[in-house]
Protein chains: 2
Amino acid sequence: MTYVIPPFDAGAARATARRLDRLTKPQGSLGRLEELAIRLAGMTGDPRCRFQHRAVVVMAADHGVTEEAVSAYPPEVTAQMVANFAAGGAGINVLARRANARVVVVDMGVRTPVRAAGVLDRRVGAGTRNMVREPAMTLAQAEAAVATGQQLAEQLVAEGCDIVLTGEMGIGNTTAASALTAAFTGRPAREVTGRGTGLDEAAFAHKVEVVERALALHRPDPADAMAVLACLGGFEIAGLAGLMLGAAAQRRPVVLDGFITGAAALAATALAPGVGTYLIASHRSVEPGHTAVLQQLGLEPLLDLGLRLGEGTGAALALQLIDAAVAVRDEMATFDEARVSERLDG
Amino acid sequence: MTYVIPPFDAGAARATARRLDRLTKPQGSLGRLEELAIRLAGMTGDPRCRFQHRAVVVMAADHGVTEEAVSAYPPEVTAQMVANFAAGGAGINVLARRANARVVVVDMGVRTPVRAAGVLDRRVGAGTRNMVREPAMTLAQAEAAVATGQQLAEQLVAEGCDIVLTGEMGIGNTTAASALTAAFTGRPAREVTGRGTGLDEAAFAHKVEVVERALALHRPDPADAMAVLACLGGFEIAGLAGLMLGAAAQRRPVVLDGFITGAAALAATALAPGVGTYLIASHRSVEPGHTAVLQQLGLEPLLDLGLRLGEGTGAALALQLIDAAVAVRDEMATFDEARVSERLDG
């Protein structure tokens with residue numbers, strides 16, 4: 001399958017850069033806010049792009065690898081947290097409200113279906129299989145999960161969404177993300193595996209071994225991204241990769257959250273390198289594998305707040321910086337308008 | 001003069017920490033947002049503190065040291081930018097609006113008085129004197145500027161303000177801030193002097209030499225903070241130090257901006273070490289001296305966005321993280337409320 005991703009619009013980016021240089025501030029003095037405004041113009045093709053309708057897509061699924069005792073939490077927490085998202089009580093609900101973003105909760109394959117109002121049923125299966133024994137999913141399931149994400153992006157854009165934030169929930173999914181990161185970056189499991197939501201030393205050593213066993217069993221070839229996704233899995237991760245493909249195809253910026261959504265971005269860019277143009281790294285997670293992910297993607301995160309919650313919380317926080325960048329671009333006075341003198345050597 | 005600053009309320013901080021640990025997230029997984037909520041409780045003495053009324057106090061003044069050609073901008077830009085603040089067209093206006101903070105513009109000693117609606121006249125003089133030739137201000141002026149800041153804090157609190165953001169404008173004030181930082185930290189001028197709003201290599205070397213000459217002339221004693229302020233000056237910097245003293249005395253959190261407000265914080269904590277309890281570092285500026293300031297204050301900034309504008313812009317951006325921390329604390333469901341299982345070993 002080939003994915004058509006439009007290129008960065010350098011002309012729109014230049015137009016924004018020119019406007020920023022006319023505003024009443026030393027050139028470049030708003031640092032990364034200015035870079036962000038310029039990148040957003042290049043992504044959207046619009047030097048005055050606005051982000052009125054925004055969605056945090058929180059994809060949830062269960063992971064067969066939880067059989068290996070890789071998480072400090074029982075697997076039923078995935079479904080319980082999906083219900084919490086639907087009820088509006090989770091961290092992402094609070095932070096999305098503050099950022100005027102709606103939360104789109106998607107069941108991509110929770111073990112027991114979550115039948116709560118507002119949860120989109122996009123189930124590919126009842127949780128993945130245990131990747132240390134067999135492929136987490138079939139190739140057909142991986143393709144279905146990616147296609148589901150793409151279709152959801154198309155639906156959201158059709159509904160008017162102009163920026164897509166990514167989030168996830170899935171007990172065990174840091175293990176899948178570590179395996180995927182090792183597969184796509186070539187780094188050893190030990191470097192890209194972390195403590196997830198709170199493992200002690202022994203449990204951490206065990207988690208590294210689990211990732212190593214999965215890699216030894218499947219010997220994933222990073223050139224075959226769909227097969228890598230199938231072996232090491234995560235219905236929510238494959239769905240998020242598809243969501244990124246779909247959003248990028250329609251020039252919608254995609255705000256990554258932490259390590260799990262970053263692993264999905266590795267898959268998405270392996271499937272279609274052009275997707276990278278549309279990715280914004282919201283924050284640097286405390287998960288050590290996340291730094292490897294960001295390096296591979298060539299992205300510098302906006303925030304570094306010691307977050308390790310997931311759900312899209314970092315993306316929602318970064319959306320406020322994106323809004324600030326847009327507001328600066330549109331609302332500040334120019335030197336001429338404010339009759340402020342320019343540089344002596346300018 | 002002695003300043004009475006209430007201590008950190010450890011009980012209120014613990015109450016907030018306990019609540020955060022009951023919310024539906026792994027303990028500590030919201031990282032610095034959680035630390036922030038805990039510190040805010042300790043500052044205010046209220047585990048459910050809210051920040052409804054917030055002000056960015058932008059103090060402006062001119063600097064005699066601009067005679068030494070230390071800035072890329074002509075000194076009249078100070079007054080022009082004060083007019084821009086009053087008209088609502090500057091970066092701080094845009095970012096304060098987004099953060100629901102009002103901008104309080106204070107003329108602490110601009111060369112030519114700025115008679116625009118909404119500019120508070122708190123002039124201590126018509127700009128400081130040139131610190132490489134004589135003290136920037138008299139001791140009486142330094143005391144008057146500090147007292148002015150304290151009185152303004154009292155006035156703002158009386159008007160209902162419950163968090164104070166700091167900002168500044170003053171062509172030449174990075175030179176004053178570098179000299180103050182060298183005086184209060186004991187570091188050499190070369191380490192704490194930067195390029196301000198955009199100097200080239202030769203102009204930068206000259207600026208370092210100007211700071212060195214001022215230090216050699218006055219031999220400031222960091223134990224006599226008021227004398228240090230007087231010699232190395234900045235009416236706006238002394239005013240901001242007073243503002244911090246006044247806000248801390250009334251348990252109001254103070255959000256620092258960048259290098260200049262950081263230098264003011266060095267003066268404030270030298271006058272009354274307890275002020276440090278009430279300071280929040282919004283961001284790390286690209287000015288190299290700012291890192292020395294933050295180390296001396298023992299503060300880790302929330303943001304690192306390559307900003308070097310000043311005005312309070314970094315503080316206004318960080319206010320949104322403060323709001324996020326408060327929202328998480330108050331709006332997330334607890335494990336019991338959401339019926340989510342806790343850690344297996346919990």
# chains A, B, ... in the order shown; residues from 1 in each chain; ligands from 1
>>> closest_atom_pairs(of="range 43-154 of chain B", to="range 312-333 of chain B", cutoff="8 Å", atoms="only C-alpha atoms", output="Markdown table")
| residue | atom | partner | partner_atom | distance |
| --- | --- | --- | --- | --- |
| B:Arg48 | CA | B:Asp330 | CA | 7.6 |
| B:Cys49 | CA | B:Val326 | CA | 7.9 |
| B:Arg50 | CA | B:Val326 | CA | 7.2 |
| B:Phe51 | CA | B:Asp323 | CA | 7.8 |
| B:Val56 | CA | B:Gly312 | CA | 6.7 |
| B:Val57 | CA | B:Gly312 | CA | 7.9 |
| B:Val58 | CA | B:Gly312 | CA | 6.8 |
| B:Gly91 | CA | B:Thr313 | CA | 6.6 |
| B:Ile92 | CA | B:Thr313 | CA | 5.0 |
| B:Leu95 | CA | B:Ala316 | CA | 5.9 |
| B:Ala96 | CA | B:Ala316 | CA | 5.5 |
| B:Ala99 | CA | B:Gln320 | CA | 6.2 |
| B:Ala101 | CA | B:Ala316 | CA | 7.8 |
>>> write_last_selection(atoms="N, CA, C and O atoms", output="PDB file, in the first residue's frame")
ATOM      1  N   ARG B  48      -6.590  24.005  48.482  1.00  0.00           N
ATOM      2  CA  ARG B  48      -7.493  24.198  47.342  1.00  0.00           C
ATOM      3  C   ARG B  48      -7.386  25.620  46.802  1.00  0.00           C
ATOM      4  O   ARG B  48      -8.381  26.205  46.365  1.00  0.00           O
ATOM      5  N   CYS B  49      -6.170  26.167  46.839  1.00  0.00           N
ATOM      6  CA  CYS B  49      -5.980  27.545  46.378  1.00  0.00           C
ATOM      7  C   CYS B  49      -6.414  27.692  44.921  1.00  0.00           C
ATOM      8  O   CYS B  49      -6.212  26.799  44.098  1.00  0.00           O
ATOM      9  N   ARG B  50      -7.046  28.804  44.616  1.00  0.00           N
ATOM     10  CA  ARG B  50      -7.447  29.134  43.246  1.00  0.00           C
ATOM     11  C   ARG B  50      -6.821  30.462  42.865  1.00  0.00           C
ATOM     12  O   ARG B  50      -6.566  31.287  43.733  1.00  0.00           O
ATOM     13  N   PHE B  51      -6.619  30.632  41.578  1.00  0.00           N
ATOM     14  CA  PHE B  51      -6.002  31.876  41.107  1.00  0.00           C
ATOM     15  C   PHE B  51      -6.927  32.527  40.090  1.00  0.00           C
ATOM     16  O   PHE B  51      -6.791  32.363  38.891  1.00  0.00           O
ATOM     17  N   VAL B  56      -0.040  40.551  35.495  1.00  0.00           N
ATOM     18  CA  VAL B  56       1.350  40.610  35.055  1.00  0.00           C
ATOM     19  C   VAL B  56       1.800  42.052  35.269  1.00  0.00           C
ATOM     20  O   VAL B  56       1.270  42.963  34.628  1.00  0.00           O
ATOM     21  N   VAL B  57       2.732  42.239  36.180  1.00  0.00           N
ATOM     22  CA  VAL B  57       3.234  43.588  36.454  1.00  0.00           C
ATOM     23  C   VAL B  57       4.467  43.811  35.591  1.00  0.00           C
ATOM     24  O   VAL B  57       5.494  43.154  35.768  1.00  0.00           O
ATOM     25  N   VAL B  58       4.329  44.713  34.616  1.00  0.00           N
ATOM     26  CA  VAL B  58       5.438  45.006  33.707  1.00  0.00           C
ATOM     27  C   VAL B  58       6.033  46.348  34.106  1.00  0.00           C
ATOM     28  O   VAL B  58       5.417  47.399  33.909  1.00  0.00           O
ATOM     29  N   GLY B  91       3.868  41.545  22.780  1.00  0.00           N
ATOM     30  CA  GLY B  91       3.801  40.108  23.044  1.00  0.00           C
ATOM     31  C   GLY B  91       3.132  39.804  24.372  1.00  0.00           C
ATOM     32  O   GLY B  91       2.290  38.899  24.464  1.00  0.00           O
ATOM     33  N   ILE B  92       3.471  40.571  25.412  1.00  0.00           N
ATOM     34  CA  ILE B  92       2.885  40.272  26.727  1.00  0.00           C
ATOM     35  C   ILE B  92       1.385  40.498  26.727  1.00  0.00           C
ATOM     36  O   ILE B  92       0.635  39.766  27.391  1.00  0.00           O
ATOM     37  N   LEU B  95      -0.151  37.327  25.168  1.00  0.00           N
ATOM     38  CA  LEU B  95      -0.048  36.118  25.989  1.00  0.00           C
ATOM     39  C   LEU B  95      -0.792  36.268  27.316  1.00  0.00           C
ATOM     40  O   LEU B  95      -1.328  35.285  27.839  1.00  0.00           O
ATOM     41  N   ALA B  96      -0.849  37.478  27.850  1.00  0.00           N
ATOM     42  CA  ALA B  96      -1.620  37.693  29.080  1.00  0.00           C
ATOM     43  C   ALA B  96      -3.114  37.522  28.811  1.00  0.00           C
ATOM     44  O   ALA B  96      -3.831  36.933  29.612  1.00  0.00           O
ATOM     45  N   ALA B  99      -4.017  34.029  28.870  1.00  0.00           N
ATOM     46  CA  ALA B  99      -3.946  33.438  30.207  1.00  0.00           C
ATOM     47  C   ALA B  99      -4.892  34.139  31.186  1.00  0.00           C
ATOM     48  O   ALA B  99      -4.816  33.906  32.389  1.00  0.00           O
ATOM     49  N   ALA B 101      -4.942  37.098  32.323  1.00  0.00           N
ATOM     50  CA  ALA B 101      -4.242  37.939  33.298  1.00  0.00           C
ATOM     51  C   ALA B 101      -4.299  39.382  32.817  1.00  0.00           C
ATOM     52  O   ALA B 101      -4.212  39.642  31.617  1.00  0.00           O
TER      53      ALA B 101
END
>>> calpha_fit_and_write(fixed="chain B", moving="chain A", output="compact mmCIF listing (two decimals) with C-alpha atoms, in the first residue's frame")
# COMPACT_ATOMS: atom_id res chain seq x y z
CA MET A 1 14.83 47.20 57.32
CA THR A 2 13.47 43.73 58.06
CA TYR A 3 10.88 41.96 55.97
CA VAL A 4 8.46 39.46 57.51
CA ILE A 5 7.79 36.58 55.13
CA PRO A 6 5.49 33.74 56.27
CA PRO A 7 6.98 30.25 56.06
CA PHE A 8 5.94 27.46 53.69
CA ASP A 9 2.83 25.67 55.02
CA ALA A 10 3.93 22.02 55.03
CA GLY A 11 0.53 20.83 56.26
CA ALA A 12 -1.32 22.37 53.32
CA ALA A 13 1.28 20.93 50.95
CA ARG A 14 0.81 17.45 52.44
CA ALA A 15 -2.97 17.70 52.11
CA THR A 16 -2.59 18.43 48.39
CA ALA A 17 -0.07 15.60 47.96
CA ARG A 18 -2.53 13.19 49.58
CA ARG A 19 -5.34 14.27 47.27
CA LEU A 20 -3.13 13.92 44.17
CA ASP A 21 -2.29 10.36 45.22
CA ARG A 22 -6.00 9.45 45.27
CA LEU A 23 -6.61 10.57 41.67
CA THR A 24 -6.97 8.08 38.78
CA LYS A 25 -3.36 8.07 37.60
CA PRO A 26 -0.19 6.36 38.76
CA GLN A 27 1.24 8.32 41.70
CA GLY A 28 3.44 11.17 40.56
CA SER A 29 2.76 10.49 36.86
CA LEU A 30 1.88 14.12 36.18
CA GLY A 31 5.39 15.04 37.25
CA ARG A 32 6.01 18.74 37.62
CA LEU A 33 2.30 19.60 37.50
CA GLU A 34 1.93 17.67 40.75
CA GLU A 35 4.99 19.33 42.31
CA LEU A 36 3.52 22.68 41.31
CA ALA A 37 0.14 21.97 42.91
CA ILE A 38 1.92 20.92 46.12
CA ARG A 39 4.17 24.00 46.21
CA LEU A 40 1.22 26.32 45.55
CA ALA A 41 -0.60 24.85 48.55
CA GLY A 42 2.46 25.41 50.73
CA MET A 43 2.81 28.99 49.53
CA THR A 44 -0.81 30.00 49.99
CA GLY A 45 -1.54 27.80 53.00
CA ASP A 46 -4.59 26.54 51.10
CA PRO A 47 -4.73 22.98 49.66
CA ARG A 48 -7.49 24.19 47.34
CA CYS A 49 -5.97 27.54 46.37
CA ARG A 50 -7.45 29.12 43.24
CA PHE A 51 -6.01 31.88 41.11
CA GLN A 52 -8.92 33.86 39.78
CA HIS A 53 -7.42 37.33 39.72
CA ARG A 54 -3.99 37.50 38.21
CA ALA A 55 -1.78 40.36 37.17
CA VAL A 56 1.35 40.61 35.07
CA VAL A 57 3.23 43.58 36.46
CA VAL A 58 5.45 45.00 33.71
CA MET A 59 7.86 47.52 35.18
CA ALA A 60 9.76 49.77 32.79
CA ALA A 61 12.73 52.09 33.21
CA ASP A 62 15.69 53.48 31.32
CA HIS A 63 19.34 52.80 31.98
CA GLY A 64 22.21 55.28 31.93
CA VAL A 65 24.53 52.51 30.84
CA THR A 66 23.04 52.70 27.33
CA GLU A 67 25.58 55.55 26.85
CA GLU A 68 28.11 52.72 26.52
CA ALA A 69 26.38 51.29 23.43
CA VAL A 70 25.39 47.99 25.07
CA SER A 71 22.13 47.45 23.17
CA ALA A 72 21.19 46.83 19.55
CA TYR A 73 18.17 49.10 20.07
CA PRO A 74 18.01 52.87 20.72
CA PRO A 75 16.97 53.83 24.28
CA GLU A 76 13.76 55.51 23.09
CA VAL A 77 12.40 52.03 22.46
CA THR A 78 11.69 51.72 26.20
CA ALA A 79 9.09 54.49 26.03
CA GLN A 80 7.77 53.29 22.68
CA MET A 81 7.25 49.81 24.04
CA VAL A 82 5.51 51.15 27.15
CA ALA A 83 3.09 52.88 24.79
CA ASN A 84 2.74 49.57 22.92
CA PHE A 85 1.92 47.78 26.21
CA ALA A 86 -0.69 50.44 26.98
CA ALA A 87 -2.19 50.00 23.50
CA GLY A 88 -2.30 46.21 23.86
CA GLY A 89 -0.05 45.35 20.92
CA ALA A 90 3.00 43.77 22.53
CA GLY A 91 3.80 40.10 23.05
CA ILE A 92 2.89 40.26 26.73
CA ASN A 93 -0.53 41.70 25.92
CA VAL A 94 -1.28 38.80 23.59
CA LEU A 95 -0.05 36.12 25.99
CA ALA A 96 -1.62 37.69 29.08
CA ARG A 97 -5.00 37.83 27.31
CA ARG A 98 -4.72 34.12 26.54
CA ALA A 99 -3.95 33.44 30.21
CA ASN A 100 -6.74 35.70 31.54
CA ALA A 101 -4.25 37.94 33.29
CA ARG A 102 -4.39 41.69 33.31
CA VAL A 103 -1.28 43.65 32.37
CA VAL A 104 -0.28 46.31 34.88
CA VAL A 105 2.19 48.65 33.18
CA VAL A 106 4.35 50.65 35.57
CA ASP A 107 6.64 53.53 34.63
CA MET A 108 9.39 53.17 37.26
CA GLY A 109 11.64 55.70 35.55
CA VAL A 110 11.51 55.88 31.79
CA ARG A 111 13.66 58.77 30.50
CA THR A 112 10.67 60.66 29.11
CA PRO A 113 7.46 60.02 31.08
CA VAL A 114 4.94 57.91 29.15
CA ARG A 115 1.59 59.56 29.49
CA ALA A 116 -0.67 56.86 28.13
CA ALA A 117 -3.90 55.68 29.70
CA GLY A 118 -3.30 52.71 31.94
CA VAL A 119 0.37 53.38 32.66
CA LEU A 120 0.94 53.71 36.40
CA ASP A 121 3.27 56.59 37.24
CA ARG A 122 5.66 55.31 39.89
CA ARG A 123 8.69 57.17 38.62
CA VAL A 124 11.75 57.21 40.84
CA GLY A 125 13.79 59.23 38.36
CA ALA A 126 14.28 59.91 34.65
CA GLY A 127 16.34 56.79 34.02
CA THR A 128 19.32 55.64 36.05
CA ARG A 129 22.84 57.06 35.77
CA ASN A 130 25.64 55.30 33.93
CA MET A 131 26.94 52.60 36.28
CA VAL A 132 30.38 52.54 34.71
CA ARG A 133 30.91 56.15 35.90
CA GLU A 134 28.90 56.41 39.12
CA PRO A 135 26.24 54.54 41.08
CA ALA A 136 23.17 53.95 38.89
CA MET A 137 21.03 55.43 41.64
CA THR A 138 21.31 56.81 45.13
CA LEU A 139 20.63 54.57 48.09
CA ALA A 140 17.47 56.61 48.72
CA GLN A 141 16.31 55.94 45.16
CA ALA A 142 16.96 52.21 45.52
CA GLU A 143 14.96 52.15 48.75
CA ALA A 144 12.18 54.18 47.13
CA ALA A 145 12.00 51.81 44.16
CA VAL A 146 11.83 48.74 46.43
CA ALA A 147 9.18 50.40 48.62
CA THR A 148 7.19 51.30 45.49
CA GLY A 149 7.15 47.65 44.42
CA GLN A 150 6.05 46.54 47.88
CA GLN A 151 3.25 49.10 47.95
CA LEU A 152 2.09 48.03 44.50
CA ALA A 153 1.93 44.40 45.68
CA GLU A 154 -0.16 45.50 48.65
CA GLN A 155 -2.47 47.46 46.37
CA LEU A 156 -2.87 44.53 43.96
CA VAL A 157 -3.63 42.10 46.78
CA ALA A 158 -6.14 44.58 48.23
CA GLU A 159 -7.80 44.58 44.80
CA GLY A 160 -8.10 40.78 44.95
CA CYS A 161 -5.04 39.66 43.03
CA ASP A 162 -4.03 36.16 44.08
CA ILE A 163 -0.98 35.50 41.91
CA VAL A 164 1.61 37.98 40.67
CA LEU A 165 3.49 37.57 37.38
CA THR A 166 6.57 39.66 36.77
CA GLY A 167 7.70 41.38 33.59
CA GLU A 168 9.93 44.24 32.52
CA MET A 169 11.04 46.53 29.74
CA GLY A 170 14.17 48.66 29.68
CA ILE A 171 16.71 49.04 26.90
CA GLY A 172 20.05 48.24 28.55
CA ASN A 173 18.60 46.18 31.37
CA THR A 174 20.34 42.93 30.46
CA THR A 175 23.59 44.77 31.20
CA ALA A 176 22.31 45.78 34.63
CA ALA A 177 21.03 42.24 35.22
CA SER A 178 24.42 40.77 34.30
CA ALA A 179 26.20 43.09 36.72
CA LEU A 180 23.71 42.25 39.48
CA THR A 181 24.02 38.53 38.79
CA ALA A 182 27.81 38.73 38.95
CA ALA A 183 27.54 40.66 42.22
CA PHE A 184 25.06 38.29 43.88
CA THR A 185 26.48 34.98 42.60
CA GLY A 186 30.19 35.81 42.58
CA ARG A 187 30.55 34.61 39.00
CA PRO A 188 32.71 36.43 36.47
CA ALA A 189 31.06 38.91 34.10
CA ARG A 190 31.93 36.77 31.10
CA GLU A 191 29.81 33.88 32.39
CA VAL A 192 26.70 35.89 33.14
CA THR A 193 26.64 38.32 30.23
CA GLY A 194 24.77 37.52 27.03
CA ARG A 195 23.76 39.02 23.74
CA GLY A 196 20.61 40.71 25.04
CA THR A 197 18.20 41.32 22.19
CA GLY A 198 20.82 40.60 19.54
CA LEU A 199 24.46 41.73 19.71
CA ASP A 200 27.22 40.52 17.40
CA GLU A 201 30.57 39.16 18.63
CA ALA A 202 32.38 42.50 18.98
CA ALA A 203 29.44 44.22 20.66
CA PHE A 204 29.14 41.27 23.03
CA ALA A 205 32.84 41.50 24.04
CA HIS A 206 32.31 45.21 24.67
CA LYS A 207 29.26 44.49 26.84
CA VAL A 208 31.29 42.06 28.98
CA GLU A 209 33.93 44.77 29.44
CA VAL A 210 31.26 47.29 30.46
CA VAL A 211 29.98 44.90 33.13
CA GLU A 212 33.55 44.28 34.33
CA ARG A 213 34.20 48.03 34.60
CA ALA A 214 31.03 48.56 36.63
CA LEU A 215 31.99 45.75 39.01
CA ALA A 216 35.56 47.06 39.34
CA LEU A 217 34.30 50.56 40.10
CA HIS A 218 31.71 49.65 42.74
CA ARG A 219 33.13 46.41 44.22
CA PRO A 220 29.60 45.43 45.30
CA ASP A 221 29.18 43.55 48.60
CA PRO A 222 26.39 40.96 48.15
CA ALA A 223 25.64 41.14 51.87
CA ASP A 224 24.43 44.72 51.35
CA ALA A 225 21.73 44.05 48.78
CA MET A 226 20.29 47.56 48.78
CA ALA A 227 23.71 49.04 48.02
CA VAL A 228 24.23 46.51 45.22
CA LEU A 229 20.89 47.55 43.70
CA ALA A 230 21.84 51.22 44.02
CA CYS A 231 25.23 50.81 42.30
CA LEU A 232 24.21 48.50 39.49
CA GLY A 233 20.70 49.65 39.29
CA GLY A 234 17.61 49.39 37.33
CA PHE A 235 14.59 51.21 38.77
CA GLU A 236 12.41 48.46 37.28
CA ILE A 237 14.65 45.77 38.77
CA ALA A 238 14.56 47.32 42.25
CA GLY A 239 10.79 47.80 41.86
CA LEU A 240 10.35 44.15 40.94
CA ALA A 241 12.41 43.07 43.96
CA GLY A 242 10.04 45.10 46.12
CA LEU A 243 7.01 43.62 44.35
CA MET A 244 8.31 40.14 45.20
CA LEU A 245 8.83 41.11 48.85
CA GLY A 246 5.32 42.52 49.02
CA ALA A 247 3.67 39.54 47.35
CA ALA A 248 5.57 37.01 49.47
CA ALA A 249 4.67 38.88 52.65
CA GLN A 250 1.03 38.23 51.73
CA ARG A 251 1.55 34.61 50.64
CA ARG A 252 0.92 35.34 46.97
CA PRO A 253 2.91 33.17 44.53
CA VAL A 254 5.25 35.15 42.28
CA VAL A 255 5.91 33.88 38.76
CA LEU A 256 9.31 34.95 37.50
CA ASP A 257 9.88 35.63 33.83
CA GLY A 258 13.44 35.51 32.49
CA PHE A 259 16.87 36.92 33.25
CA ILE A 260 15.91 40.45 34.37
CA THR A 261 13.16 39.37 36.75
CA GLY A 262 15.56 36.65 37.93
CA ALA A 263 18.15 39.30 38.81
CA ALA A 264 15.43 41.12 40.73
CA ALA A 265 14.72 37.86 42.57
CA LEU A 266 18.40 37.61 43.55
CA ALA A 267 18.07 41.06 45.12
CA ALA A 268 14.76 40.18 46.80
CA THR A 269 16.10 36.96 48.31
CA ALA A 270 19.26 38.80 49.43
CA LEU A 271 17.00 41.26 51.25
CA ALA A 272 14.79 38.49 52.66
CA PRO A 273 15.68 34.83 51.99
CA GLY A 274 12.11 33.70 52.76
CA VAL A 275 10.94 35.24 49.48
CA GLY A 276 12.40 32.21 47.68
CA THR A 277 9.52 30.08 49.00
CA TYR A 278 7.10 32.08 46.86
CA LEU A 279 8.99 32.10 43.56
CA ILE A 280 8.07 30.00 40.52
CA ALA A 281 10.54 29.97 37.63
CA SER A 282 8.49 30.07 34.44
CA HIS A 283 11.18 29.40 31.85
CA ARG A 284 14.88 29.22 31.10
CA SER A 285 15.94 32.15 28.94
CA VAL A 286 18.67 31.86 26.32
CA GLU A 287 20.61 34.53 28.28
CA PRO A 288 23.50 32.58 29.82
CA GLY A 289 23.29 34.51 33.09
CA HIS A 290 19.80 33.20 33.66
CA THR A 291 21.06 29.70 34.36
CA ALA A 292 23.36 31.13 37.06
CA VAL A 293 20.38 32.99 38.51
CA LEU A 294 18.21 29.87 38.60
CA GLN A 295 20.97 27.85 40.24
CA GLN A 296 21.46 30.48 42.91
CA LEU A 297 17.70 30.60 43.55
CA GLY A 298 17.49 26.79 43.55
CA LEU A 299 14.67 26.85 41.02
CA GLU A 300 14.02 24.56 38.07
CA PRO A 301 12.12 26.36 35.30
CA LEU A 302 8.88 24.94 33.89
CA LEU A 303 9.58 25.82 30.26
CA ASP A 304 12.62 25.95 28.02
CA LEU A 305 11.46 27.49 24.76
CA GLY A 306 14.42 29.62 23.71
CA LEU A 307 12.64 32.82 24.75
CA ARG A 308 14.54 36.09 25.12
CA LEU A 309 11.82 38.72 24.88
CA GLY A 310 11.12 39.51 28.50
CA GLU A 311 8.01 41.63 29.26
CA GLY A 312 6.62 38.73 31.30
CA THR A 313 5.95 36.56 28.24
CA GLY A 314 7.45 33.41 29.77
CA ALA A 315 5.53 33.98 32.99
CA ALA A 316 2.26 34.29 31.08
CA LEU A 317 2.94 31.01 29.26
CA ALA A 318 3.74 29.26 32.54
CA LEU A 319 0.53 30.51 34.12
CA GLN A 320 -1.31 28.07 31.88
CA LEU A 321 0.66 25.22 33.44
CA ILE A 322 -0.20 26.53 36.90
CA ASP A 323 -3.87 26.55 35.88
CA ALA A 324 -3.49 23.01 34.54
CA ALA A 325 -2.00 21.86 37.86
CA VAL A 326 -4.91 23.38 39.77
CA ALA A 327 -7.46 21.88 37.37
CA VAL A 328 -5.93 18.40 37.69
CA ARG A 329 -5.99 18.69 41.48
CA ASP A 330 -9.66 19.75 41.56
CA GLU A 331 -11.33 18.07 38.62
CA MET A 332 -9.93 14.56 38.25
CA ALA A 333 -11.87 11.61 39.64
CA THR A 334 -10.41 9.56 42.50
CA PHE A 335 -9.88 5.80 42.24
CA ASP A 336 -12.93 5.28 44.44
CA GLU A 337 -15.18 7.67 42.52
CA ALA A 338 -14.27 6.11 39.16
CA ARG A 339 -14.10 2.54 40.48
CA VAL A 340 -10.65 2.03 38.97
CA SER A 341 -8.38 -0.66 40.46
CA GLU A 342 -5.15 0.42 42.12
CA ARG A 343 -1.65 -1.00 41.83
CA LEU A 344 -1.29 -4.74 42.35
CA ASP A 345 1.26 -4.08 45.10
CA GLY A 346 -0.57 -0.95 46.37
>>> select_by_dssp(residues="range 3-98 of chain B", states="helix (DSSP H, G or I)", output="PyMOL selection string")
chain B and resi 10-22+31-44+64-68+76-87+91-98
>>> select_by_dssp(residues="range 40-232 of chain A", states="strand (DSSP E)", output="PyMOL selection string")
chain A and resi 54-61+102-109+119-121+163-169
